[in-house]
$ cat input14.pdb   # PDB, C-alpha atoms
ATOM      1  CA  GLY Q  58      77.283 -64.243 -23.906
ATOM      2  CA  LYS Q  59      76.098 -60.669 -23.936
ATOM      3  CA  LEU Q  60      74.762 -58.573 -21.112
ATOM      4  CA  LYS Q  61      70.998 -58.325 -21.126
ATOM      5  CA  TYR Q  62      71.095 -54.880 -19.508
ATOM      6  CA  GLY Q  63      73.863 -52.300 -19.764
ATOM      7  CA  ALA Q  64      73.137 -50.483 -16.515
ATOM      8  CA  ALA Q  65      72.202 -51.082 -12.915
ATOM      9  CA  ASN Q  66      70.651 -49.142 -10.073
ATOM     10  CA  ILE Q  67      73.152 -48.410  -7.299
ATOM     11  CA  CYS Q  68      70.339 -46.974  -5.154
ATOM     12  CA  SER Q  69      71.539 -43.417  -4.791
ATOM     13  CA  HIS Q  70      68.207 -41.649  -4.860
ATOM     14  CA  TYR Q  71      67.487 -38.052  -3.938
ATOM     15  CA  PHE Q  72      63.970 -36.937  -3.056
ATOM     16  CA  SER Q  73      62.743 -33.614  -1.747
ATOM     17  CA  VAL Q  74      61.207 -33.558   1.707
ATOM     18  CA  ASP Q  75      58.050 -32.077   0.154
ATOM     19  CA  PHE Q  76      57.775 -35.024  -2.265
ATOM     20  CA  ILE Q  77      58.075 -37.529   0.582
ATOM     21  CA  ARG Q  78      55.633 -35.664   2.858
ATOM     22  CA  ASN Q  79      53.037 -34.598   0.292
ATOM     23  CA  THR Q  80      53.133 -37.425  -2.219
ATOM     24  CA  VAL Q  81      54.706 -40.613  -0.917
ATOM     25  CA  LEU Q  82      53.302 -40.577   2.617
ATOM     26  CA  THR Q  83      49.827 -39.664   1.370
ATOM     27  CA  ALA Q  84      49.765 -42.213  -1.479
ATOM     28  CA  SER Q  85      47.182 -44.962  -1.392
ATOM     29  CA  ALA Q  86      48.049 -48.648  -1.387
ATOM     30  CA  SER Q  87      47.075 -48.852  -5.062
ATOM     31  CA  ASP Q  88      49.640 -46.138  -5.936
ATOM     32  CA  ILE Q  89      52.598 -48.113  -4.581
ATOM     33  CA  PRO Q  90      52.453 -51.798  -5.504
ATOM     34  CA  TYR Q  91      53.498 -54.659  -3.279
ATOM     35  CA  HIS Q  92      55.909 -57.246  -4.637
ATOM     36  CA  ILE Q  93      55.600 -60.817  -3.411
ATOM     37  CA  ALA Q  94      58.829 -62.372  -2.182
ATOM     38  CA  ARG Q  95      58.741 -66.060  -1.325
ATOM     39  CA  LYS Q  96      60.841 -66.553   1.813
ATOM     40  CA  LYS Q  97      62.146 -69.289   4.089
ATOM     41  CA  ILE Q  98      60.541 -68.279   7.365
ATOM     42  CA  PRO Q  99      61.771 -70.010  10.548
ATOM     43  CA  TYR Q 100      59.039 -71.419  12.742
ATOM     44  CA  TRP Q 101      58.676 -73.102  16.127
ATOM     45  CA  ASP Q 102      58.061 -76.842  16.152
ATOM     46  CA  HIS Q 103      56.256 -77.652  19.419
ATOM     47  CA  GLU Q 104      56.811 -81.406  19.055
ATOM     48  CA  GLN Q 105      60.577 -81.053  18.539
ATOM     49  CA  ASN Q 106      60.758 -78.065  20.909
ATOM     50  CA  GLU Q 107      63.025 -76.166  18.503
ATOM     51  CA  THR Q 108      63.075 -73.531  15.809
ATOM     52  CA  VAL Q 109      62.996 -75.026  12.318
ATOM     53  CA  MET Q 110      64.853 -73.401   9.426
ATOM     54  CA  PRO Q 111      62.949 -74.546   6.312
ATOM     55  CA  ASP Q 112      64.803 -75.856   3.241
ATOM     56  CA  LYS Q 113      62.421 -74.171   0.812
ATOM     57  CA  PRO Q 114      60.160 -71.117   0.906
ATOM     58  CA  ASN Q 115      57.197 -71.588   3.217
ATOM     59  CA  GLY Q 116      55.760 -68.082   3.303
ATOM     60  CA  ILE Q 117      55.530 -64.771   1.540
ATOM     61  CA  LYS Q 118      56.695 -61.283   2.371
ATOM     62  CA  LEU Q 119      55.112 -58.211   0.845
ATOM     63  CA  GLU Q 120      57.798 -55.740  -0.186
ATOM     64  CA  THR Q 121      57.939 -52.278  -1.671
ATOM     65  CA  PHE Q 122      61.022 -50.802  -3.235
ATOM     66  CA  ILE Q 123      62.356 -47.265  -3.334
ATOM     67  CA  PHE Q 124      61.877 -47.098  -7.105
ATOM     68  CA  ASP Q 125      58.155 -47.867  -6.748
ATOM     69  CA  VAL Q 126      57.564 -44.169  -5.998
ATOM     70  CA  PHE Q 127      59.170 -42.976  -9.247
ATOM     71  CA  PRO Q 128      55.834 -42.933 -11.134
ATOM     72  CA  LEU Q 129      54.398 -40.631  -8.442
ATOM     73  CA  SER Q 130      56.903 -37.863  -9.227
ATOM     74  CA  LYS Q 131      56.088 -34.966 -11.536
ATOM     75  CA  SER Q 132      59.672 -34.875 -12.776
ATOM     76  CA  MET Q 133      62.526 -37.300 -12.533
ATOM     77  CA  ALA Q 134      65.988 -37.726 -13.970
ATOM     78  CA  VAL Q 135      68.321 -40.657 -14.337
ATOM     79  CA  TRP Q 136      71.989 -39.936 -13.961
ATOM     80  CA  GLU Q 137      74.414 -42.371 -15.517
ATOM     81  CA  VAL Q 138      77.784 -42.514 -13.779
ATOM     82  CA  GLU Q 139      80.951 -44.547 -13.921
ATOM     83  CA  ARG Q 140      80.671 -47.425 -11.480
ATOM     84  CA  THR Q 141      84.261 -47.017 -10.274
ATOM     85  CA  ASP Q 142      83.619 -43.336  -9.476
ATOM     86  CA  GLU Q 143      80.356 -43.786  -7.594
ATOM     87  CA  PHE Q 144      79.989 -47.296  -6.206
ATOM     88  CA  ALA Q 145      82.146 -49.124  -3.676
ATOM     89  CA  PRO Q 146      79.822 -51.487  -1.830
ATOM     90  CA  VAL Q 147      80.635 -53.409   1.336
ATOM     91  CA  LYS Q 148      78.548 -56.580   1.482
ATOM     92  CA  ASN Q 149      81.058 -59.222   2.582
ATOM     93  CA  ALA Q 150      83.822 -59.701   5.122
ATOM     94  CA  ASN Q 151      87.420 -59.453   3.913
ATOM     95  CA  ALA Q 152      88.572 -62.683   2.283
ATOM     96  CA  GLU Q 153      90.928 -63.598  -0.534
ATOM     97  CA  GLY Q 154      89.227 -63.336  -3.929
ATOM     98  CA  VAL Q 155      85.940 -61.989  -2.519
ATOM     99  CA  ALA Q 156      84.391 -58.822  -3.961
ATOM    100  CA  ASP Q 157      82.524 -56.052  -2.146
ATOM    101  CA  THR Q 158      84.588 -56.157   1.048
ATOM    102  CA  PRO Q 159      86.008 -53.358   3.210
ATOM    103  CA  ASP Q 160      89.381 -53.902   1.478
ATOM    104  CA  THR Q 161      87.972 -53.690  -2.057
ATOM    105  CA  ALA Q 162      85.923 -50.595  -1.140
ATOM    106  CA  ARG Q 163      89.006 -48.951   0.408
ATOM    107  CA  ARG Q 164      91.019 -49.740  -2.738
ATOM    108  CA  LEU Q 165      88.300 -48.282  -5.009
ATOM    109  CA  LEU Q 166      88.104 -45.092  -2.931
ATOM    110  CA  SER Q 167      91.887 -44.805  -2.797
ATOM    111  CA  ASN Q 168      92.113 -45.223  -6.576
ATOM    112  CA  LEU Q 169      89.461 -42.537  -7.044
ATOM    113  CA  ALA Q 170      91.297 -40.123  -4.717
ATOM    114  CA  GLU Q 171      94.524 -40.872  -6.580
ATOM    115  CA  LYS Q 172      92.806 -40.050  -9.884
ATOM    116  CA  TRP Q 173      91.485 -36.757  -8.496
ATOM    117  CA  LEU Q 174      94.933 -35.822  -7.216
ATOM    118  CA  THR Q 175      96.795 -36.682 -10.419
ATOM    119  CA  ASP Q 176      94.132 -34.902 -12.496
ATOM    120  CA  ALA Q 177      94.794 -31.821 -10.347
ATOM    121  CA  GLY Q 178      98.536 -32.082 -10.988
ATOM    122  CA  ALA Q 179      99.695 -33.818  -7.828
ATOM    123  CA  LYS Q 180     102.695 -36.097  -8.039
ATOM    124  CA  LEU Q 181     102.214 -39.351  -6.173
ATOM    125  CA  HIS Q 182     105.109 -41.257  -4.665
ATOM    126  CA  ARG Q 183     104.248 -44.910  -4.147
ATOM    127  CA  THR Q 184     105.780 -46.780  -1.244
ATOM    128  CA  GLY Q 185     104.042 -50.070  -2.015
ATOM    129  CA  GLU Q 186     101.366 -51.698  -4.098
ATOM    130  CA  GLU Q 187      98.430 -50.261  -2.117
ATOM    131  CA  GLU Q 188      99.834 -47.112  -0.561
ATOM    132  CA  CYS Q 189     100.675 -43.782  -2.140
ATOM    133  CA  LYS Q 190     101.667 -40.377  -0.770
ATOM    134  CA  ALA Q 191     100.870 -37.041  -2.339
ATOM    135  CA  SER Q 192     103.075 -33.986  -2.422
ATOM    136  CA  CYS Q 193     102.117 -30.499  -3.522
ATOM    137  CA  GLU Q 194     104.689 -28.653  -5.564
TER     138      GLU Q 194
END
$ encode --input "input14.pdb" --output "structure tokens"
Amino acid sequence: GKLKYGAANICSHYFSVDFIRNTVLTASASDIPYHIARKKIPYWDHEQNETVMPDKPNGIKLETFIFDVFPLSKSMAVWEVERTDEFAPVKNANAEGVADTPDTARRLLSNLAEKWLTDAGAKLHRTGEEECKASCE
């Protein structure tokens, strides 16, 4: 199949302190919408004398997102970047074949540093698959 969208939001947002103080914090509830998220909310069962973890959503959570304030700004820009240059998330523990781990983030950052060094003319001497050493000549 084909991708429905060709971009994603990696949540690197920059706001001025004035914008936050004078616009966001003073906005009314109608300016920043709530999004309903259906959640599995644990609850106490007095008869069983235990906390119950529901199998399906049993409540709602009202959420706002950082991008909900975009329409409040007088000016805004979107900056498209290469994912490998700007995004190395850590969401999971290290495990074989799992993405977004400390090891995969370290590898992405190491590859980026290697690119910067070679672009600047450094010669890298590899001692293994993951490790490289730089020398300045």
$ atom_distance --input "input14.pdb" --atom1 "CA of Met110 in chain Q" --atom2 "CA of Ile98 in chain Q"
7.0 Å
$ residues_around --input "input14.pdb" --residues "range 59-64 of chain Q" --least-positions-apart "6" --cutoff "10 Å" --atoms "all atoms listed in the file" --output "VMD selection string"
chain Q and resid 137 to 138 140
$ resolve_selection --input "input14.pdb" --expression "the PyMOL selection byres ((chain Q and resi 111) around 8)" --output "JSON, numbers by chain"
{"Q": [97, 98, 99, 109, 110, 112, 113, 114, 115]}
$ resolve_selection --input "input14.pdb" --expression "the PyMOL selection byres ((chain Q and resi 166) around 12)" --output "list in words"
Arg140, Thr141, Asp142, Glu143, Phe144, Ala145, Pro146, Val147, Pro159, Asp160, Thr161, Ala162, Arg163, Arg164, Leu165, Ser167, Asn168, Leu169, Ala170, Glu171, Lys172, Trp173 and Glu187 of chain Q
$ closest_atom_pairs --input "input14.pdb" --of "range 95-146 of chain Q" --to "range 77-86 of chain Q" --cutoff "9 Å" --atoms "all atoms listed in the file" --output "JSON lines"
{"residue": "Q:Val126", "atom": "CA", "partner": "Q:Val81", "partner_atom": "CA", "distance": 6.8}
{"residue": "Q:Leu129", "atom": "CA", "partner": "Q:Thr80", "partner_atom": "CA", "distance": 7.1}
{"residue": "Q:Ser130", "atom": "CA", "partner": "Q:Thr80", "partner_atom": "CA", "distance": 8.0}
$ atom_distance --input "input14.pdb" --atom1 "CA of Thr184 in chain Q" --atom2 "CA of Ala150 in chain Q"
26.3 Å
$ atom_distance --input "input14.pdb" --atom1 "CA of Ile89 in chain Q" --atom2 "CA of Phe124 in chain Q"
9.7 Å
$ residues_around --input "input14.pdb" --residues "His92 in chain Q" --least-positions-apart "3" --cutoff "8 Å" --atoms "all atoms listed in the file" --output "PDB file with C-alpha atoms, keeping the file's coordinate frame"
ATOM      1  CA  LEU Q 119      55.112 -58.211   0.845  1.00  0.00           C
ATOM      2  CA  GLU Q 120      57.798 -55.740  -0.186  1.00  0.00           C
ATOM      3  CA  THR Q 121      57.939 -52.278  -1.671  1.00  0.00           C
TER       4      THR Q 121
END
